[in-house]
Number of protein chains: 4
Amino acid sequence: MDITELQAYMDASPFIQHAGMMVTAIDKEAETLTMTMPLKPEFERAPGSGQFHGGPIAALIDTAGCFGLIMVQGHGVPTINFRTDYLRPAVNTDLRAEVVVRRVGRTVGVVDVDVYDDNNKLIAVGRGTFGSQGG
Amino acid sequence: MDITELQAYMDASPFIQHAGMMVTAIDKEAETLTMTMPLKPEFERAPGSGQFHGGPIAALIDTAGCFGLIMVQGHGVPTINFRTDYLRPAVNTDLRAEVVVRRVGRTVGVVDVDVYDDNNKLIAVGRGTFGSQGG
Amino acid sequence: MDITELQAYMDASPFIQHAGMMVTAIDKEAETLTMTMPLKPEFERAPGSGQFHGGPIAALIDTAGCFGLIMVQGHGVPTINFRTDYLRPAVNTDLRAEVVVRRVGRTVGVVDVDVYDDNNKLIAVGRGTFGSQGG
Amino acid sequence: MDITELQAYMDASPFIQHAGMMVTAIDKEAETLTMTMPLKPEFERAPGSGQFHGGPIAALIDTAGCFGLIMVQGHGVPTINFRTDYLRPAVNTDLRAEVVVRRVGRTVGVVDVDVYDDNNKLIAVGRGTFGSQGG
């Protein structure tokens with residue numbers, strides 16, 4: 001998929017569309033992708049703080065990692081699990097997730113997501129496993 | 001803090017208040033806590049699916065784990081990192097997070113969060129480390 | 001598999017056999033399993049400390065989680081990933097891993113492992129995903 | 001610490017010394033470090049397979065991450081938690097861990113560890129949090 005197709009796929013999800021996530025760059029050779037998310041009032045930890053609650057940051061990591069694999073594989077895959085490490089507060093800034101697909105195996109893929117603020121400070125890092133899990 | 005104080009603390013956060021998270025039971029002796037989150041339209045993965053996107057589930061785990069420690073310690077602590085494992089889709093259901101504080105150390109605490117649907121099916125499990133991280 | 005078969009499977013691995021890991025109890029209904037590991041001189045963090053280095057504890061979690069699924073499924077599965085949280089030092093003690101299979105899905109399983117010392121103090125907790133990952 | 005001091009620190013640990021781990025390169029500016037571990041008979045998953053069991057790989061990640069922070073901070077820190085993702089089998093090869101310190105905070109540090117085989121294939125990735133955790 002190209003950027004337009006990925007964004008359309010994203011916008012079809014009420015959650016992603018409501019969160020305002022945008023895919024802004026992809027590189028299929030390098031298997032990297034960039035996704036952004038704006039600071040919205042309902043993402044604030046404390047009123048008037050301008051600081052992101054961690055929840056939306058984790059959601060960005062989950063979504064960005066998933067779409068890294070969608071870009072590579074051409075179809076959606078469920079998240080199996082992921083880890084979120086918060087490194088710095090994100091205050092009065094939008095967020096930019098830099099995705100690197102580390103491995104695409106037969107049944108699962110592993111993806112890294114680094115999250116930066118507008119000053120290119122590293123806010124959080126994520127690592128997830130995505131694949132076909134059923135019941 | 002008792003339930004009323006914990007809920008007031010939660011409602012002071014625009015993110016938590018908007019997500020509709022409610023603390024419904026606490027046990028300070030056992031160091032357990034129950035938190036709920038309703039299915040809201042903007043939490044849906046696909047339109048009309050009634051299925052939670054993973055992002056809000058991860059946000060519930062982060063928040064519930066954090067408030068498990070707040071209950072025990074009496075003050076807030078930042079999330080250092082956490083892991084989210086998705087076990088089953090959550091469809092047409094609210095969510096209930098069962099929190100167990102596993103360890104409160106000098107500088108960090110470890111908390112487990114099991115997330116159930118309305119039929120008591122295990123939807124996701126989370127494990128986080130919370131503590132005093134600074135710059 | 002019963003305990004004797006599981007132990008034979010374990011002893012066929014030079015690593016597990018050398019580490020001295022033993023399966024001491026299983027419950028196929030509850031999907032739980034107990035595995036022990038002795039303190040060996042080459043597991044010590046500092047000379048004469050009697051304290052386990054974290055590495056063998058992580059290896060016990062990986063192995064115990066894997067054999068929890070082997071007990072349930074009847075065949076081996078590779079570890080996809082796992083998380084290790086260290087809660088207390090393990091000093092002058094053997095270790096006992098209590099395994100609980102949380103979910104067996106179509107392609108992956110999720111397992112929890114709690115590690116105790118001889119005084120039933122919780123030393124570490126592990127959580128892993130196991131399944132069929134190929135190339 | 002320089003390489004000689006780090007190696008002496010490592011060799012003082014019976015576990016690390018027995019595992020044969022060696023620090024082979026450091027860059028204090030970039031906050032990176034390289035550590036190797038040989039294939040030993042007692043690390044084998046199956047007899048004669050020449051394949052590493054996952055346990056020693058996880059132990060390498062834990063140790064390498066820890067020494068990344070020791071290099072930066074000049075003193076030892078306990079591992080709080082870490083995640084290990086296995087990407088490919090490691091067969092008839094030594095292992096090389098490439099460590100990158102992602103963040104050194106006031107109380108915890110976050111470190112990434114990529115593990116390669118002799119053909120520069122990515123075998124496993126690790127991410128850990130290290131810091132001062134007490135009782």
# chains A, B, ... in the order shown; residues from 1 in each chain; ligands from 1
$ select_by_dssp --residues "stretch 78-109 of chain B" --states "strand (DSSP E or B)" --output "list in words"
Thr79, Ile80, Asn81, Phe82, Arg83, Thr84, Asp85, Tyr86, Val91, Leu95, Arg96, Ala97, Glu98, Val99, Val100, Val101, Arg102, Arg103, Val104, Val108 and Gly109 of chain B
$ residues_around --residues "stretch 84-98 of chain D" --least-positions-apart "2" --cutoff "8 Å" --atoms "only C-alpha atoms" --output "count of residues only"
40
$ residues_around --residues "D:Gly48" --least-positions-apart "5" --cutoff "12 Å" --atoms "only C-alpha atoms" --output "count of residues only"
11
$ select_by_dssp --residues "chain A" --states "alpha helix (DSSP H)" --output "PyMOL selection string"
chain A and resi 3-11+14-19+54-73
$ write_last_selection --atoms "N, CA and C atoms" --output "mmCIF file, in the first residue's frame"
data_model
loop_
_atom_site.group_PDB
_atom_site.id
_atom_site.type_symbol
_atom_site.label_atom_id
_atom_site.label_comp_id
_atom_site.auth_asym_id
_atom_site.auth_seq_id
_atom_site.Cartn_x
_atom_site.Cartn_y
_atom_site.Cartn_z
ATOM 1 N N ILE A 3 1.002 5.654 0.691
ATOM 2 C CA ILE A 3 0.550 6.482 1.820
ATOM 3 C C ILE A 3 -0.958 6.736 1.777
ATOM 4 N N THR A 4 -1.457 7.035 0.599
ATOM 5 C CA THR A 4 -2.885 7.342 0.485
ATOM 6 C C THR A 4 -3.739 6.145 0.909
ATOM 7 N N GLU A 5 -3.335 4.964 0.470
ATOM 8 C CA GLU A 5 -4.090 3.764 0.832
ATOM 9 C C GLU A 5 -3.988 3.471 2.333
ATOM 10 N N LEU A 6 -2.779 3.658 2.869
ATOM 11 C CA LEU A 6 -2.614 3.430 4.315
ATOM 12 C C LEU A 6 -3.476 4.402 5.117
ATOM 13 N N GLN A 7 -3.480 5.689 4.685
ATOM 14 C CA GLN A 7 -4.273 6.672 5.420
ATOM 15 C C GLN A 7 -5.764 6.350 5.317
ATOM 16 N N ALA A 8 -6.188 5.895 4.146
ATOM 17 C CA ALA A 8 -7.607 5.535 3.994
ATOM 18 C C ALA A 8 -7.951 4.363 4.907
ATOM 19 N N TYR A 9 -7.048 3.419 4.986
ATOM 20 C CA TYR A 9 -7.229 2.264 5.878
ATOM 21 C C TYR A 9 -7.348 2.750 7.329
ATOM 22 N N MET A 10 -6.473 3.679 7.690
ATOM 23 C CA MET A 10 -6.504 4.222 9.047
ATOM 24 C C MET A 10 -7.810 4.978 9.309
ATOM 25 N N ASP A 11 -8.209 5.802 8.342
ATOM 26 C CA ASP A 11 -9.393 6.632 8.560
ATOM 27 C C ASP A 11 -10.671 5.802 8.638
ATOM 28 N N PRO A 14 -12.784 4.161 13.393
ATOM 29 C CA PRO A 14 -13.229 5.297 14.212
ATOM 30 C C PRO A 14 -12.192 5.706 15.252
ATOM 31 N N PHE A 15 -11.539 4.740 15.879
ATOM 32 C CA PHE A 15 -10.562 5.092 16.910
ATOM 33 C C PHE A 15 -9.399 5.885 16.317
ATOM 34 N N ILE A 16 -8.824 5.371 15.252
ATOM 35 C CA ILE A 16 -7.647 6.030 14.663
ATOM 36 C C ILE A 16 -8.033 7.381 14.074
ATOM 37 N N GLN A 17 -9.183 7.413 13.427
ATOM 38 C CA GLN A 17 -9.629 8.660 12.807
ATOM 39 C C GLN A 17 -9.874 9.717 13.878
ATOM 40 N N HIS A 18 -10.502 9.306 14.980
ATOM 41 C CA HIS A 18 -10.792 10.249 16.054
ATOM 42 C C HIS A 18 -9.510 10.740 16.723
ATOM 43 N N ALA A 19 -8.506 9.878 16.808
ATOM 44 C CA ALA A 19 -7.245 10.268 17.449
ATOM 45 C C ALA A 19 -6.424 11.194 16.560
ATOM 46 N N GLY A 54 -0.267 8.992 29.259
ATOM 47 C CA GLY A 54 0.438 7.890 28.625
ATOM 48 C C GLY A 54 -0.434 7.020 27.741
ATOM 49 N N GLY A 55 -1.717 6.958 28.040
ATOM 50 C CA GLY A 55 -2.603 6.083 27.283
ATOM 51 C C GLY A 55 -2.590 6.345 25.788
ATOM 52 N N PRO A 56 -2.799 7.582 25.359
ATOM 53 C CA PRO A 56 -2.753 7.859 23.918
ATOM 54 C C PRO A 56 -1.380 7.572 23.305
ATOM 55 N N ILE A 57 -0.315 7.728 24.076
ATOM 56 C CA ILE A 57 1.020 7.425 23.539
ATOM 57 C C ILE A 57 1.144 5.927 23.271
ATOM 58 N N ALA A 58 0.661 5.116 24.211
ATOM 59 C CA ALA A 58 0.674 3.666 23.999
ATOM 60 C C ALA A 58 -0.186 3.297 22.798
ATOM 61 N N ALA A 59 -1.323 3.958 22.670
ATOM 62 C CA ALA A 59 -2.203 3.667 21.534
ATOM 63 C C ALA A 59 -1.533 4.032 20.211
ATOM 64 N N LEU A 60 -0.769 5.117 20.217
ATOM 65 C CA LEU A 60 -0.028 5.490 19.005
ATOM 66 C C LEU A 60 1.017 4.431 18.674
ATOM 67 N N ILE A 61 1.716 3.941 19.681
ATOM 68 C CA ILE A 61 2.728 2.905 19.452
ATOM 69 C C ILE A 61 2.088 1.643 18.872
ATOM 70 N N ASP A 62 0.993 1.225 19.464
ATOM 71 C CA ASP A 62 0.289 0.034 18.980
ATOM 72 C C ASP A 62 -0.115 0.219 17.512
ATOM 73 N N THR A 63 -0.741 1.352 17.225
ATOM 74 C CA THR A 63 -1.248 1.599 15.882
ATOM 75 C C THR A 63 -0.120 1.756 14.877
ATOM 76 N N ALA A 64 0.901 2.505 15.228
ATOM 77 C CA ALA A 64 2.011 2.747 14.300
ATOM 78 C C ALA A 64 2.742 1.440 13.992
ATOM 79 N N GLY A 65 2.957 0.623 15.014
ATOM 80 C CA GLY A 65 3.622 -0.653 14.792
ATOM 81 C C GLY A 65 2.818 -1.550 13.869
ATOM 82 N N CYS A 66 1.528 -1.566 14.093
ATOM 83 C CA CYS A 66 0.636 -2.375 13.280
ATOM 84 C C CYS A 66 0.691 -1.947 11.816
ATOM 85 N N PHE A 67 0.686 -0.634 11.584
ATOM 86 C CA PHE A 67 0.692 -0.150 10.202
ATOM 87 C C PHE A 67 2.070 -0.282 9.549
ATOM 88 N N GLY A 68 3.121 -0.383 10.329
ATOM 89 C CA GLY A 68 4.411 -0.740 9.748
ATOM 90 C C GLY A 68 4.326 -2.095 9.068
ATOM 91 N N LEU A 69 3.713 -3.053 9.733
ATOM 92 C CA LEU A 69 3.570 -4.390 9.141
ATOM 93 C C LEU A 69 2.546 -4.403 8.015
ATOM 94 N N ILE A 70 1.485 -3.605 8.142
ATOM 95 C CA ILE A 70 0.498 -3.542 7.053
ATOM 96 C C ILE A 70 1.171 -3.021 5.781
ATOM 97 N N MET A 71 2.019 -2.013 5.946
ATOM 98 C CA MET A 71 2.759 -1.487 4.786
ATOM 99 C C MET A 71 3.580 -2.588 4.121
ATOM 100 N N VAL A 72 4.254 -3.405 4.934
ATOM 101 C CA VAL A 72 5.146 -4.430 4.387
ATOM 102 C C VAL A 72 4.363 -5.602 3.811
ATOM 103 N N GLN A 73 3.297 -5.990 4.507
ATOM 104 C CA GLN A 73 2.611 -7.231 4.139
ATOM 105 C C GLN A 73 1.406 -6.999 3.245
#
$ atom_distance --atom1 "atom CA of B:Glu31" --atom2 "atom CA of C:Val101"
23.2 Å
$ closest_residue --among "A:Val23, A:Val99, A:Val77, A:Ala46" --to "chain B" --atoms "only C-alpha atoms"
A:Ala46
$ atom_distance --atom1 "atom CA of D:Met1" --atom2 "atom CA of D:Arg106"
19.9 Å
$ closest_residue --among "D:Asp2, D:Asn119, D:Pro47, D:Asp27" --to "chain C" --atoms "only C-alpha atoms"
D:Pro47
$ closest_residue --among "A:Phe130, A:Asn120, A:Arg102, A:Ala30" --to "chain D" --atoms "only C-alpha atoms"
A:Arg102
$ decode --residues "stretch 8-20 of chain D" --atoms "N, CA and C atoms" --output "PDB file, in the first residue's frame"
ATOM      1  N   ALA D   8      37.062  -6.586  33.749  1.00  0.00           N
ATOM      2  CA  ALA D   8      37.417  -7.049  35.096  1.00  0.00           C
ATOM      3  C   ALA D   8      36.180  -7.119  35.984  1.00  0.00           C
ATOM      4  N   TYR D   9      35.315  -6.130  35.841  1.00  0.00           N
ATOM      5  CA  TYR D   9      34.045  -6.110  36.581  1.00  0.00           C
ATOM      6  C   TYR D   9      33.230  -7.354  36.215  1.00  0.00           C
ATOM      7  N   MET D  10      33.174  -7.642  34.931  1.00  0.00           N
ATOM      8  CA  MET D  10      32.423  -8.801  34.458  1.00  0.00           C
ATOM      9  C   MET D  10      33.037 -10.105  34.981  1.00  0.00           C
ATOM     10  N   ASP D  11      34.356 -10.193  34.907  1.00  0.00           N
ATOM     11  CA  ASP D  11      35.011 -11.449  35.302  1.00  0.00           C
ATOM     12  C   ASP D  11      34.890 -11.708  36.806  1.00  0.00           C
ATOM     13  N   ALA D  12      34.590 -10.672  37.561  1.00  0.00           N
ATOM     14  CA  ALA D  12      34.386 -10.864  38.999  1.00  0.00           C
ATOM     15  C   ALA D  12      33.081 -11.591  39.288  1.00  0.00           C
ATOM     16  N   SER D  13      32.211 -11.694  38.293  1.00  0.00           N
ATOM     17  CA  SER D  13      30.949 -12.418  38.483  1.00  0.00           C
ATOM     18  C   SER D  13      31.116 -13.855  38.018  1.00  0.00           C
ATOM     19  N   PRO D  14      30.931 -14.826  38.907  1.00  0.00           N
ATOM     20  CA  PRO D  14      31.045 -16.226  38.473  1.00  0.00           C
ATOM     21  C   PRO D  14      30.134 -16.543  37.287  1.00  0.00           C
ATOM     22  N   PHE D  15      28.921 -15.997  37.295  1.00  0.00           N
ATOM     23  CA  PHE D  15      28.006 -16.304  36.195  1.00  0.00           C
ATOM     24  C   PHE D  15      28.536 -15.780  34.863  1.00  0.00           C
ATOM     25  N   ILE D  16      28.917 -14.500  34.848  1.00  0.00           N
ATOM     26  CA  ILE D  16      29.364 -13.881  33.590  1.00  0.00           C
ATOM     27  C   ILE D  16      30.677 -14.510  33.131  1.00  0.00           C
ATOM     28  N   GLN D  17      31.558 -14.760  34.085  1.00  0.00           N
ATOM     29  CA  GLN D  17      32.852 -15.345  33.754  1.00  0.00           C
ATOM     30  C   GLN D  17      32.667 -16.738  33.160  1.00  0.00           C
ATOM     31  N   HIS D  18      31.776 -17.504  33.783  1.00  0.00           N
ATOM     32  CA  HIS D  18      31.529 -18.867  33.296  1.00  0.00           C
ATOM     33  C   HIS D  18      30.884 -18.872  31.916  1.00  0.00           C
ATOM     34  N   ALA D  19      30.036 -17.878  31.665  1.00  0.00           N
ATOM     35  CA  ALA D  19      29.365 -17.812  30.360  1.00  0.00           C
ATOM     36  C   ALA D  19      30.301 -17.348  29.255  1.00  0.00           C
ATOM     37  N   GLY D  20      31.441 -16.837  29.635  1.00  0.00           N
ATOM     38  CA  GLY D  20      32.421 -16.422  28.638  1.00  0.00           C
ATOM     39  C   GLY D  20      32.102 -15.118  27.936  1.00  0.00           C
TER      40      GLY D  20
END
